[in-house]
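**Student:** Here's a structure for you.
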Amino acid sequence: DGIQTCILDGQGTRRILWVDGTDVSKLTIKGIRFHRGTRTGTYYGGGGIDMENGAKVTLEFCALTSCSAFQGGAIYIFTDTTLTIYTTSFTSNTATNNNKGDDIYNGGNLAIFDSCPEGFTGLPDEGEPLKTAGSLAFGSLNSFTSGSCSVCPLGTDSPTAWHDSSSASTCETCSIGKFRSEIVADCTICNAGKYNDNDNSDALLHTECVACVAGKH
């Protein structure tokens with residue numbers, strides 16, 4: 001919901017998070033405030049988050065505040081590393097090396113969306129321009145807060161976050177063969193041995209899959 005009730009505080013003495021590769025998976029971080037993360041020493045980066053070795057990370061509804069490092073005061077993105085950002089704000093971060101990105105130093109791939117994440121409807125609020133170093137692969141170099149973003153009802157999903165940000169994303173009923181319950185983040189294919197063949201728009205019929213009858217799979 002955009003409220004960072006979990007705060008990770010580096011107390012001005014330590015880096016908060018180091019992501020050293022994620023293999024073929026993607027790490028999604030939601031609703032965390034990274035506060036007062038610090039990396040000391042020349043050439044070090046990412047007082048809040050340091051990403052290296054092919055890591056793939058997505059931030060949703062996070063905040064990075066009062067973090068500092070030589071480069072990329074809040075976030076450092078190493079070569080061949082990918083960061084995707086939704087509805088995340090940056091405040092009072094500092095790179096001690098001039099022009100090396102108070103908020104983000106990007107040596108890899110960076111995308112900042114001006115839309116709510118998948119599974120949410122509405123629009124975020126645009127904040128202050130970010131102070132970055134490196135190129136942007138997609139999006140807008142601004143902070144964004146949750147705004148009117150709200151989670152889609154069970155049985156529905158916003159099918160993609162790659163929409164026109166001039167209008168709010170909408171929630172759509174899961175398609176045949178998929179469901180969305182409290183324990184899955186988006187419309188998901190039914191597990192083996194189960195099905196959902198409802199083809200109408202009643203979202204309540206798409207919150208679970210049912211077992212196949214005897215003799216079918």
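Scheme for the structure tokens: letters A, B, ... for chains in order shown; per-chain residue numbers from 1; ligand numbers from 1 in order shown.
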Can you pull out the residues contacting stretch 10-24 of chain A? Cut-off 7 Å, using only C-alpha atoms, and skip same-chain residues under 6 positions away; I want them as a PyMOL selection string.
**Tutor:** chain A and resi 35-39+47-56
**Student:** Would you write out those residues with C-alpha atoms, as a tab-separated table (two decimals), in the first residue's frame?
**Tutor:**
```tsv
chain	number	residue	atom	x	y	z
A	35	HIS	CA	17.47	4.47	5.77
A	36	ARG	CA	20.96	5.81	6.58
A	37	GLY	CA	22.83	3.12	4.64
A	38	THR	CA	26.50	4.04	4.18
A	39	ARG	CA	29.51	2.73	2.25
A	47	GLY	CA	24.85	2.74	0.66
A	48	GLY	CA	21.28	1.45	0.52
A	49	ILE	CA	21.49	-1.33	-2.09
A	50	ASP	CA	24.51	-2.68	-3.98
A	51	MET	CA	23.67	-4.97	-6.93
A	52	GLU	CA	26.28	-7.08	-8.70
A	53	ASN	CA	26.99	-10.21	-10.76
A	54	GLY	CA	23.91	-10.33	-12.97
A	55	ALA	CA	21.37	-9.69	-10.23
A	56	LYS	CA	17.77	-8.96	-11.30
```
**Student:** At a cut-off of 10 Å, using only C-alpha atoms, what residues contact A:Asp125? Leave out same-chain residues fewer than 4 positions from it and give the result as a ChimeraX atom specification.
**Tutor:** /A:87,114-116,143-149
**Student:** Just C-alpha atoms for this one: save the residues we selected as a PDB file, in the first residue's frame.
**Tutor:**
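part.pdb was written with the following content:
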```pdb
ATOM      1  CA  THR A  87       6.370   3.614  -6.917  1.00  0.00           C
ATOM      2  CA  ASP A 114       5.539   5.868 -13.975  1.00  0.00           C
ATOM      3  CA  SER A 115       2.761   3.339 -13.357  1.00  0.00           C
ATOM      4  CA  CYS A 116       1.550   1.110 -10.526  1.00  0.00           C
ATOM      5  CA  SER A 143      10.688   9.551  -7.609  1.00  0.00           C
ATOM      6  CA  PHE A 144       7.180   8.104  -7.406  1.00  0.00           C
ATOM      7  CA  THR A 145       4.959   7.435  -4.408  1.00  0.00           C
ATOM      8  CA  SER A 146       1.952   5.115  -4.216  1.00  0.00           C
ATOM      9  CA  GLY A 147      -0.651   7.779  -5.091  1.00  0.00           C
ATOM     10  CA  SER A 148      -3.930   6.057  -5.899  1.00  0.00           C
ATOM     11  CA  CYS A 149      -2.387   2.618  -6.463  1.00  0.00           C
TER      12      CYS A 149
END
```
**Student:** Quick check for you: according to DSSP on this backbone, which residues of stretch 41-154 of chain A are classed as strand (DSSP E)? Reply as a PyMOL selection string.
**Tutor:** chain A and resi 49-52+56-60+63-65+68-69+75-77+82-86+89-91+94-95+104-106+109-113+120-121+125-129+132-133+138-139+142-145+150-151
**Student:** How would the residues just chosen look if you wrote them out with C-alpha atoms as an mmCIF file, in the first residue's frame?
**Tutor:**
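Saved the output as result07.cif:
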```cif
data_model
loop_
_atom_site.group_PDB
_atom_site.id
_atom_site.type_symbol
_atom_site.label_atom_id
_atom_site.label_comp_id
_atom_site.auth_asym_id
_atom_site.auth_seq_id
_atom_site.Cartn_x
_atom_site.Cartn_y
_atom_site.Cartn_z
ATOM 1 C CA ILE A 49 21.489 -1.334 -2.091
ATOM 2 C CA ASP A 50 24.507 -2.679 -3.980
ATOM 3 C CA MET A 51 23.667 -4.974 -6.928
ATOM 4 C CA GLU A 52 26.285 -7.081 -8.701
ATOM 5 C CA LYS A 56 17.767 -8.964 -11.299
ATOM 6 C CA VAL A 57 15.871 -6.855 -8.776
ATOM 7 C CA THR A 58 12.474 -5.118 -8.719
ATOM 8 C CA LEU A 59 11.535 -2.450 -6.162
ATOM 9 C CA GLU A 60 7.862 -1.742 -5.398
ATOM 10 C CA ALA A 63 11.827 4.401 -0.064
ATOM 11 C CA LEU A 64 15.551 5.173 0.133
ATOM 12 C CA THR A 65 16.432 7.986 2.511
ATOM 13 C CA SER A 68 25.507 7.752 1.113
ATOM 14 C CA ALA A 69 28.445 6.268 -0.775
ATOM 15 C CA ILE A 75 21.743 2.378 -5.163
ATOM 16 C CA TYR A 76 24.682 1.056 -7.187
ATOM 17 C CA ILE A 77 23.927 -1.074 -10.281
ATOM 18 C CA THR A 82 19.087 -5.143 -13.916
ATOM 19 C CA LEU A 83 16.933 -2.964 -11.675
ATOM 20 C CA THR A 84 13.236 -2.251 -12.286
ATOM 21 C CA ILE A 85 11.520 0.368 -10.109
ATOM 22 C CA TYR A 86 7.851 1.105 -9.397
ATOM 23 C CA SER A 89 10.888 7.469 -3.579
ATOM 24 C CA PHE A 90 14.396 8.824 -2.999
ATOM 25 C CA THR A 91 15.159 11.534 -0.431
ATOM 26 C CA THR A 94 24.450 11.636 -1.289
ATOM 27 C CA ALA A 95 27.294 10.498 -3.554
ATOM 28 C CA ILE A 104 21.462 5.901 -8.383
ATOM 29 C CA TYR A 105 24.655 4.971 -10.191
ATOM 30 C CA ASN A 106 23.741 2.759 -13.157
ATOM 31 C CA ASN A 109 20.159 -1.828 -16.911
ATOM 32 C CA LEU A 110 17.693 0.531 -15.210
ATOM 33 C CA ALA A 111 13.956 0.972 -15.835
ATOM 34 C CA ILE A 112 11.761 3.338 -13.791
ATOM 35 C CA PHE A 113 8.020 3.036 -14.469
ATOM 36 C CA PHE A 120 -2.509 -2.900 -8.860
ATOM 37 C CA THR A 121 -4.887 -0.336 -10.302
ATOM 38 C CA ASP A 125 2.174 10.383 -7.677
ATOM 39 C CA GLU A 126 5.252 11.847 -9.366
ATOM 40 C CA GLY A 127 7.880 13.346 -7.070
ATOM 41 C CA GLU A 128 11.218 15.120 -7.476
ATOM 42 C CA PRO A 129 13.681 14.382 -10.307
ATOM 43 C CA THR A 132 21.582 9.676 -11.290
ATOM 44 C CA ALA A 133 24.689 8.696 -13.218
ATOM 45 C CA PHE A 138 13.170 2.811 -19.959
ATOM 46 C CA GLY A 139 10.939 5.217 -18.088
ATOM 47 C CA ASN A 142 11.697 10.691 -11.050
ATOM 48 C CA SER A 143 10.688 9.551 -7.609
ATOM 49 C CA PHE A 144 7.180 8.104 -7.406
ATOM 50 C CA THR A 145 4.959 7.435 -4.408
ATOM 51 C CA SER A 150 -4.561 -0.080 -4.889
ATOM 52 C CA VAL A 151 -4.357 -3.856 -5.108
#
```
**Student:** To one decimal in Å, tell me the separation between atom CA of A:Gln4 and atom CA of A:Glu182.
**Tutor:**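 It comes out at 20.5 Å.
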**Student:** What is the atom CA of A:Thr156-atom CA of A:Ser181 distance in Å, reported with one decimal?
**Tutor:** 9.0 Å
**Student:** One decimal, in Å: what's the spacing between atom CA of A:Gly134 and atom CA of A:Tyr43?
**Tutor:** 15.2 Å
